[in-house]
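Data first, discussion second: the structure below is written as structure tokens.
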Amino acid sequence: MPVIDEDFIFAELDHLRAHVKIAVNKRAKRLALRLDSKDRKIRFTIPPRYPIKKARLFLLQNESWVLGNIDKLPPLIPLTHGQIIPVFGHDRRINISYDITLKRTDITLNKNEIIIKTNKDDPTPRLVRFLKKEAEKELTRLTKEKAAQIDKTVAAVQVRDTKSRWGSCGHDSKISFSWRLIFAPHTVLDYVVAHEVAHLQHMDHSRAFWACCKSLCEDYTYGKSWLHENGNELMRYDA
Ligand SMILES: [Zn+2]
């Protein structure tokens, strides 16, 4: 795939760089701009070998459309003191106390709060690491439990910050999930795990696959439609 000179495209349009993702697509016949609300970016599709000056001009002409659409996105939710965030389906308030004498950041999750005791000015990266770890623990537990129900073993469970999929299952029996599922109701996690575990049995979306998925998660249609309707919300947490 030919490489696009992004510096040329964004010359004097540097303020658009953070919001626009350039995608050279060999099947594309013309230039196109599309809002990807999950990625919170505008996707700029360019056909291969398209004249770069024309592509740049097109972006210039659509500058206000790009900024307008980015502006209309629901704002990011900061993971800062006082913010209430759902963790495994329960709202919890982030409670940060700063103490310079502390040697390390200590984070505990209780029923209504995430308590952070820290010596750091900005403990958000620590909190994100903590949440990823919690997501990984719970997703791993559920995955092993469901795999055992159908006499399968999973080679590895990983969490990632994927933008396009909530979960995936490889031919090597390795399963990955988006850590952002931690912000979804627990029944939704349960569905995503059931879906990926069912792929250990059926590598397609056949009727047999959905029957297997249902046997692992009775409420799978709820999780499926919840993600369809609310999935973008999970991308709003600023991490
Ligand atoms: Zn699938």
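In the structure tokens, chains take the letters A, B, ... in the order shown, each chain's residues start at 1, and ligands count up from 1 in the order shown.
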
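Residues in contact with ligand 1 (atom pairs separated by at most 7 Å; only C-alpha atoms and all ligand atoms) are His195, Glu196, His199, Asp204 and His205 of chain A.
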
Residues near Ile70 of chain A, cut-off 8 Å, only C-alpha atoms, skip fewer than 5 positions along chain, as JSON, numbers by chain | {"A": [19, 40, 41, 42]}

Those residues with N, CA and C atoms, as a CSV table (one decimal), in the first residue's frame please?
```
chain,number,residue,atom,x,y,z
A,19,HIS,N,-7.5,14.8,14.9
A,19,HIS,CA,-8.9,14.3,14.7
A,19,HIS,C,-9.1,13.5,13.4
A,40,ARG,N,-13.7,8.1,17.8
A,40,ARG,CA,-13.8,9.6,18.0
A,40,ARG,C,-12.9,10.3,17.0
A,41,LYS,N,-12.8,9.8,15.8
A,41,LYS,CA,-12.0,10.5,14.8
A,41,LYS,C,-12.8,10.5,13.5
A,42,ILE,N,-12.3,11.4,12.6
A,42,ILE,CA,-12.8,11.4,11.2
A,42,ILE,C,-11.9,10.6,10.4
```

Within 10 Å of Lys174 of chain A, counting only C-alpha atoms, which residues show up once you throw out same-chain ones fewer than 6 positions away? Write them as a PyMOL selection string, please.
-> chain A and resi 153-158+168+196-197+200

Selection to disk with C-alpha atoms, as a PDB file, in the first residue's frame:
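What follows is the written file again-v3.pdb:
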```pdb
ATOM      1  CA  THR A 153      -9.133 -24.893  27.076  1.00  0.00           C
ATOM      2  CA  VAL A 154      -8.069 -21.375  26.289  1.00  0.00           C
ATOM      3  CA  ALA A 155      -4.390 -20.802  25.483  1.00  0.00           C
ATOM      4  CA  ALA A 156      -4.259 -17.227  26.798  1.00  0.00           C
ATOM      5  CA  VAL A 157      -6.498 -14.339  27.752  1.00  0.00           C
ATOM      6  CA  GLN A 158      -5.344 -10.804  27.029  1.00  0.00           C
ATOM      7  CA  SER A 168     -11.524 -11.738  19.405  1.00  0.00           C
ATOM      8  CA  GLU A 196     -15.473 -15.536  22.186  1.00  0.00           C
ATOM      9  CA  VAL A 197     -15.520 -18.848  24.059  1.00  0.00           C
ATOM     10  CA  LEU A 200     -13.371 -22.060  20.409  1.00  0.00           C
TER      11      LEU A 200
END
```

Considering only C-alpha atoms, return as a PyMOL selection string whatever protein or nucleic-acid residues lie within 8 Å of segment 90-101 of chain A, sequence-local ones (same chain, fewer than 5 positions apart) excluded.
-> chain A and resi 79-85+111-121+185

Apply DSSP to the backbone of this structure and, from segment 37-200 of chain A, keep only the residues in strand (DSSP E or B); write these as a ChimeraX atom specification.
-> /A:41-46,77-78,84-87,90-98,106-109,113-118,156-160,167-169,174-178

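From atom CA of Glu63 of chain A back to atom CA of Leu33 of chain A, the distance works out to 10.6 Å.
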
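Closest to Ile182 of chain A among A:Ser225, A:Ser206, A:Phe8, A:Lys137 is A:Lys137, based on only C-alpha atoms.
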
Neighbour list for Thr124 of chain A as a ChimeraX atom specification, cut-off 9 Å, only C-alpha atoms, skip fewer than 3 positions in-chain = /A:78-80,127-129,239

Restricting the output to N, CA and C atoms, write the selected residues as a PDB file, in the first residue's frame.
```
ATOM      1  N   PRO A  78     -13.297  12.508  32.227  1.00  0.00           N
ATOM      2  CA  PRO A  78     -11.966  12.412  32.838  1.00  0.00           C
ATOM      3  C   PRO A  78     -11.965  11.469  34.035  1.00  0.00           C
ATOM      4  N   LEU A  79     -10.903  10.723  34.198  1.00  0.00           N
ATOM      5  CA  LEU A  79     -10.795   9.816  35.351  1.00  0.00           C
ATOM      6  C   LEU A  79     -10.090  10.556  36.485  1.00  0.00           C
ATOM      7  N   THR A  80     -10.792  11.557  37.021  1.00  0.00           N
ATOM      8  CA  THR A  80     -10.192  12.420  38.038  1.00  0.00           C
ATOM      9  C   THR A  80     -11.028  12.409  39.319  1.00  0.00           C
ATOM     10  N   LEU A 127      -4.322   4.592  37.775  1.00  0.00           N
ATOM     11  CA  LEU A 127      -5.710   4.130  37.858  1.00  0.00           C
ATOM     12  C   LEU A 127      -6.063   3.300  36.621  1.00  0.00           C
ATOM     13  N   VAL A 128      -5.619   3.767  35.461  1.00  0.00           N
ATOM     14  CA  VAL A 128      -5.907   3.038  34.226  1.00  0.00           C
ATOM     15  C   VAL A 128      -5.275   1.649  34.268  1.00  0.00           C
ATOM     16  N   ARG A 129      -4.030   1.594  34.758  1.00  0.00           N
ATOM     17  CA  ARG A 129      -3.352   0.300  34.876  1.00  0.00           C
ATOM     18  C   ARG A 129      -4.115  -0.628  35.816  1.00  0.00           C
ATOM     19  N   ALA A 239      -8.723   7.638  28.860  1.00  0.00           N
ATOM     20  CA  ALA A 239      -7.589   6.847  29.320  1.00  0.00           C
ATOM     21  C   ALA A 239      -6.697   6.498  28.140  1.00  0.00           C
TER      22      ALA A 239
END
```

Find the spatial neighbours of Glu218 of chain A, counting only C-alpha atoms, within a cut-off of 12 Å - ignore same-chain residues fewer than 2 positions away - and output them as a list of chain:residue names.
->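 Near Glu218 of chain A, the qualifying residues are A:Thr187, A:Val188, A:Asp190, A:Tyr191, A:Ala194, A:His195, A:Trp210, A:Ala211, A:Cys212, A:Cys213, A:Lys214, A:Ser215, A:Leu216, A:Tyr220, A:Thr221, A:Tyr222, A:Gly223, A:Lys224.
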
With a distance cut-off of 9 Å and only C-alpha atoms, select the neighbouring residues of Leu59 of chain A, excluding the residue or stretch itself and same-chain residues fewer than 5 positions from it, and output the selection as a list in words.
-> Ile9, Phe10, Leu13, Leu33, Phe44, Lys54 and Val66 of chain A

Export of prior selection with C-alpha atoms as an mmCIF file, in the first residue's frame:
```cif
data_model
loop_
_atom_site.group_PDB
_atom_site.id
_atom_site.type_symbol
_atom_site.label_atom_id
_atom_site.label_comp_id
_atom_site.auth_asym_id
_atom_site.auth_seq_id
_atom_site.Cartn_x
_atom_site.Cartn_y
_atom_site.Cartn_z
ATOM 1 C CA ILE A 9 -1.714 16.778 3.823
ATOM 2 C CA PHE A 10 -1.697 18.441 7.235
ATOM 3 C CA LEU A 13 -3.932 22.097 8.971
ATOM 4 C CA LEU A 33 -14.686 11.727 5.079
ATOM 5 C CA PHE A 44 -10.247 10.279 5.575
ATOM 6 C CA LYS A 54 -6.210 17.354 -4.501
ATOM 7 C CA VAL A 66 -14.497 17.957 10.336
#
```
